[in-house]
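A short worksheet on the structure shown next.
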Amino acid sequence: MKSAVLTTLTLFLVSSSFADLSGKRPNVLFILTDDQGYGDVSAHGNPVLKTPNYDKVRSESVRFTNFFVSPTCSPTRSALLTGRHEFRNGITHTILERERMTLKATTLAQVLKGAGYTTAIFGKWHLGDEDEYQPGRRGFDEVFIHGAGGIGQTYPGSCGDAPGNKYFDPAILHNGTFEKTKGYCTDIFFAQATRWLESKKGGAPFYCYIATNAPHGPYIAKPEDRALYEGKGLGTDTENFFGMIHNIDQNVGRLMAKLDEWGIAKNTLVVMMNDNGGTAGVKVFNAGMHGNKGSPWIGGTRAFSFWRWPGTLTPGDCGALTAHIDFFKTISGLAGVKLTPELEAQSAEGRSLLPLLENPLAPWDDRFLFHHTGRWPKGSNPGNAKLNNCAVRNTRYTLVSEAGGARAAKAKAKGKAKNADAAPVAAGPKWQLFDVIADPGQTRDIAAEKPDVVEKLKAAYDKWWASLKGQYDVNENVIGPKLNPFAERYWKQFGGGPTEQDYKRMDPEKAMSFEAGRVKAAAAPKE
């Protein structure tokens, strides 16, 4: 009894020690890394990787330990900015016009700008390279970005970076004009952000979004960073991958020191997050999870989520089921924004995390979260892919369908399909159910033991999928421009191109068969 009284008193003191966070209007510094997994943080138990500055921020943060994002990058970015599932933003892939965030969506940057914040993005946008989709038209005052999903990438249609760009000395689009930079990409993004932040400190509150392309492949680290992990039997990719994270970690440490030096740390909320499951580091350590990037498993969708606000938030763990779709309402609430009915409807899937930031043990109703890797062949019927690589979960259970019976259907129809690019029609789901409280590693399928739970989660998924019509299909049949917009802008500024080969490589018609060609190339025997 005495213990229970003390616990109740402690919780009362914790919750009553905070004023309501709503409308506190802090500066917001949001750091999002690309393809770094939950296990790629030394404080999470990684036996090789060292991230002392991540660990320090983590120790000073409210840590959401049951936080989920999308299986890949563009989807997560759109969910963070809009408060809703990526499919509702028309994003079902990371390329082929299917990474373009619908122009009907209102972004968090637009909301904050309307509330008197000054806004900036440094690094990766990846929500449309055509002019009307660019961050400068979606609420960001300051824009310093590369194109496509990665530095140097190019695909048929609209998605592509500046020609010939590399991780060292890249050409970066700065408020509509390319700048030829010197140095390593991550250092460049943090340095530019630091200069901008210094110019804004003491003025209107800021929203600064640093979205690194690292440690996404190709895995290219600075030689001195890679050297830290050589000779450990990791392989070249993982050596570079860990070296890239080391470089991010060092930049994080320098930027946190600057916040202290400028005297604004106590008025700045720092949020650090990764955008999807792990990649090159998974073979070393995956925090006991099954799956990785591009999968609907927990290992493909769980993210670290650190929220640091010295003097306001008390560091500690919060195990509530939370997600990227909660970011929009949370930051809007901190800014004191009363959302319009339209924005409430847009972000209806998300929740405000403010009660949990005030008290990590605050009541939190159960909920459903939905994951789908998308990536069905462009031009095919999305409905045929409904049960392919998807999951639905609540606090205790997760229901997963990998192939949804499609493999069997595809085998049966082999040689008979008229359209080789059409998504295979699912013959029926092969749902797997896991109790993620008792079995967080998703090792034992209990679907046969819990048919009632399967039906409950399946019904929630069916209802959600049916609600997506008219949203998930807005980009599916779009034919992009003849040349990547970033390439065109670059050539207009510096001269050169396009060549006949450029037109062939960027031919938007190739988008309709691109995935099938890539699968065929991957399956071809290696010489």
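Residues in the structure tokens are numbered from 1 in each chain, the chains being A, B, ... in the order shown, and ligands are numbered from 1 in the order shown.
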
Inset, instruction - Name the residues of segment 37-229 of chain A that come out as helix (DSSP H, G or I) in a backbone DSSP run; write them as number ranges by chain. - result: A: 42-44, 52-59, 73-82, 86-89, 108-114, 131-133, 135-137, 185-200, 223-229

Inset, instruction - Write out as a ChimeraX atom specification each polymer residue whose atoms come within 7 Å of segment 294-308 of chain A, counting only C-alpha atoms; drop sequence neighbours fewer than 6 positions from it. - result: /A:37-38,57-58,60-65,67-72,269-278,371-373,389-391

Since we have the selection now, will you write its residues out, keeping C-alpha atoms, as a PDB file, in the first residue's frame?
ATOM      1  CA  GLY A  37      17.923   1.795 -38.022  1.00  0.00           C
ATOM      2  CA  TYR A  38      16.778   1.700 -34.410  1.00  0.00           C
ATOM      3  CA  VAL A  57      20.839  13.565 -26.579  1.00  0.00           C
ATOM      4  CA  ARG A  58      18.976  10.356 -25.827  1.00  0.00           C
ATOM      5  CA  GLU A  60      18.435  14.071 -22.007  1.00  0.00           C
ATOM      6  CA  SER A  61      15.225  13.239 -23.883  1.00  0.00           C
ATOM      7  CA  VAL A  62      11.773  11.815 -23.577  1.00  0.00           C
ATOM      8  CA  ARG A  63      12.318   8.584 -25.517  1.00  0.00           C
ATOM      9  CA  PHE A  64       9.399   7.002 -27.358  1.00  0.00           C
ATOM     10  CA  THR A  65      10.409   3.359 -27.321  1.00  0.00           C
ATOM     11  CA  PHE A  67       7.466   4.578 -32.110  1.00  0.00           C
ATOM     12  CA  PHE A  68       6.730   3.637 -35.731  1.00  0.00           C
ATOM     13  CA  VAL A  69       7.370   5.094 -39.161  1.00  0.00           C
ATOM     14  CA  SER A  70       6.909   3.817 -42.732  1.00  0.00           C
ATOM     15  CA  PRO A  71       8.959   1.041 -44.372  1.00  0.00           C
ATOM     16  CA  THR A  72      10.768   3.510 -46.685  1.00  0.00           C
ATOM     17  CA  LEU A 269      13.014  21.408 -28.681  1.00  0.00           C
ATOM     18  CA  VAL A 270      15.365  18.988 -30.422  1.00  0.00           C
ATOM     19  CA  VAL A 271      13.754  15.949 -32.045  1.00  0.00           C
ATOM     20  CA  MET A 272      15.913  13.169 -33.503  1.00  0.00           C
ATOM     21  CA  MET A 273      14.490  10.320 -35.544  1.00  0.00           C
ATOM     22  CA  ASN A 274      15.286   7.791 -38.289  1.00  0.00           C
ATOM     23  CA  ASP A 275      13.042   7.339 -41.314  1.00  0.00           C
ATOM     24  CA  ASN A 276      12.655   3.553 -41.664  1.00  0.00           C
ATOM     25  CA  GLY A 277      14.127   0.216 -40.619  1.00  0.00           C
ATOM     26  CA  GLY A 278      17.807  -0.585 -40.695  1.00  0.00           C
ATOM     27  CA  HIS A 371       1.956  -0.355 -42.769  1.00  0.00           C
ATOM     28  CA  HIS A 372       2.305  -1.209 -46.443  1.00  0.00           C
ATOM     29  CA  THR A 373       5.470  -1.161 -48.507  1.00  0.00           C
ATOM     30  CA  ASN A 389       3.848  -6.783 -47.583  1.00  0.00           C
ATOM     31  CA  CYS A 390       1.476  -5.125 -45.155  1.00  0.00           C
ATOM     32  CA  ALA A 391       0.744  -5.082 -41.446  1.00  0.00           C
TER      33      ALA A 391
END

Inset, instruction - Considering only C-alpha atoms, state which residue in the set A:Ile245, A:Gly116, A:Thr443, A:His216 is at the smallest distance from Lys293 of chain A. - result: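 Looking only at the distances to Lys293 of chain A, the closest residue turns out to be A:His216.
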
Legend entry - Residue nearest Lys201 of chain A among A:Ala487, A:Val436, A:Leu259, A:Leu228 (counting only C-alpha atoms):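 Comparing A:Ala487, A:Val436, A:Leu259, A:Leu228 against Lys201 of chain A, the winner is A:Leu259.
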
Inset, instruction - Quote the spacing between atom CA of Lys113 of chain A and atom CA of Ile325 of chain A in Å to one decimal place. - result: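 Straight-line distance from atom CA of Lys113 of chain A to atom CA of Ile325 of chain A works out to 19.6 Å.
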
Inset, instruction - Using only C-alpha atoms, find the one residue out of A:Lys182, A:Lys104, A:Lys166, A:Arg98 that sits nearest to Ala221 of chain A. - result: A:Lys166

Legend entry - For Phe434 of chain A, the nearest of the candidates A:Pro451, A:Gly517, A:Gly157, A:Gly497, counting only C-alpha atoms: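 The answer is A:Pro451, which sits nearest to Phe434 of chain A.
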
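Shell of Gly350 of chain A at 10 Å, with only C-alpha atoms counted and residues fewer than 6 places along the chain excluded, is Ala79, Leu80, Thr82, Gly83, Arg84, His85, Thr322, Ala323, His324, Ile325, Asp326, Phe327, Phe328, Lys329, Thr330, Glu344 and Leu369 of chain A.
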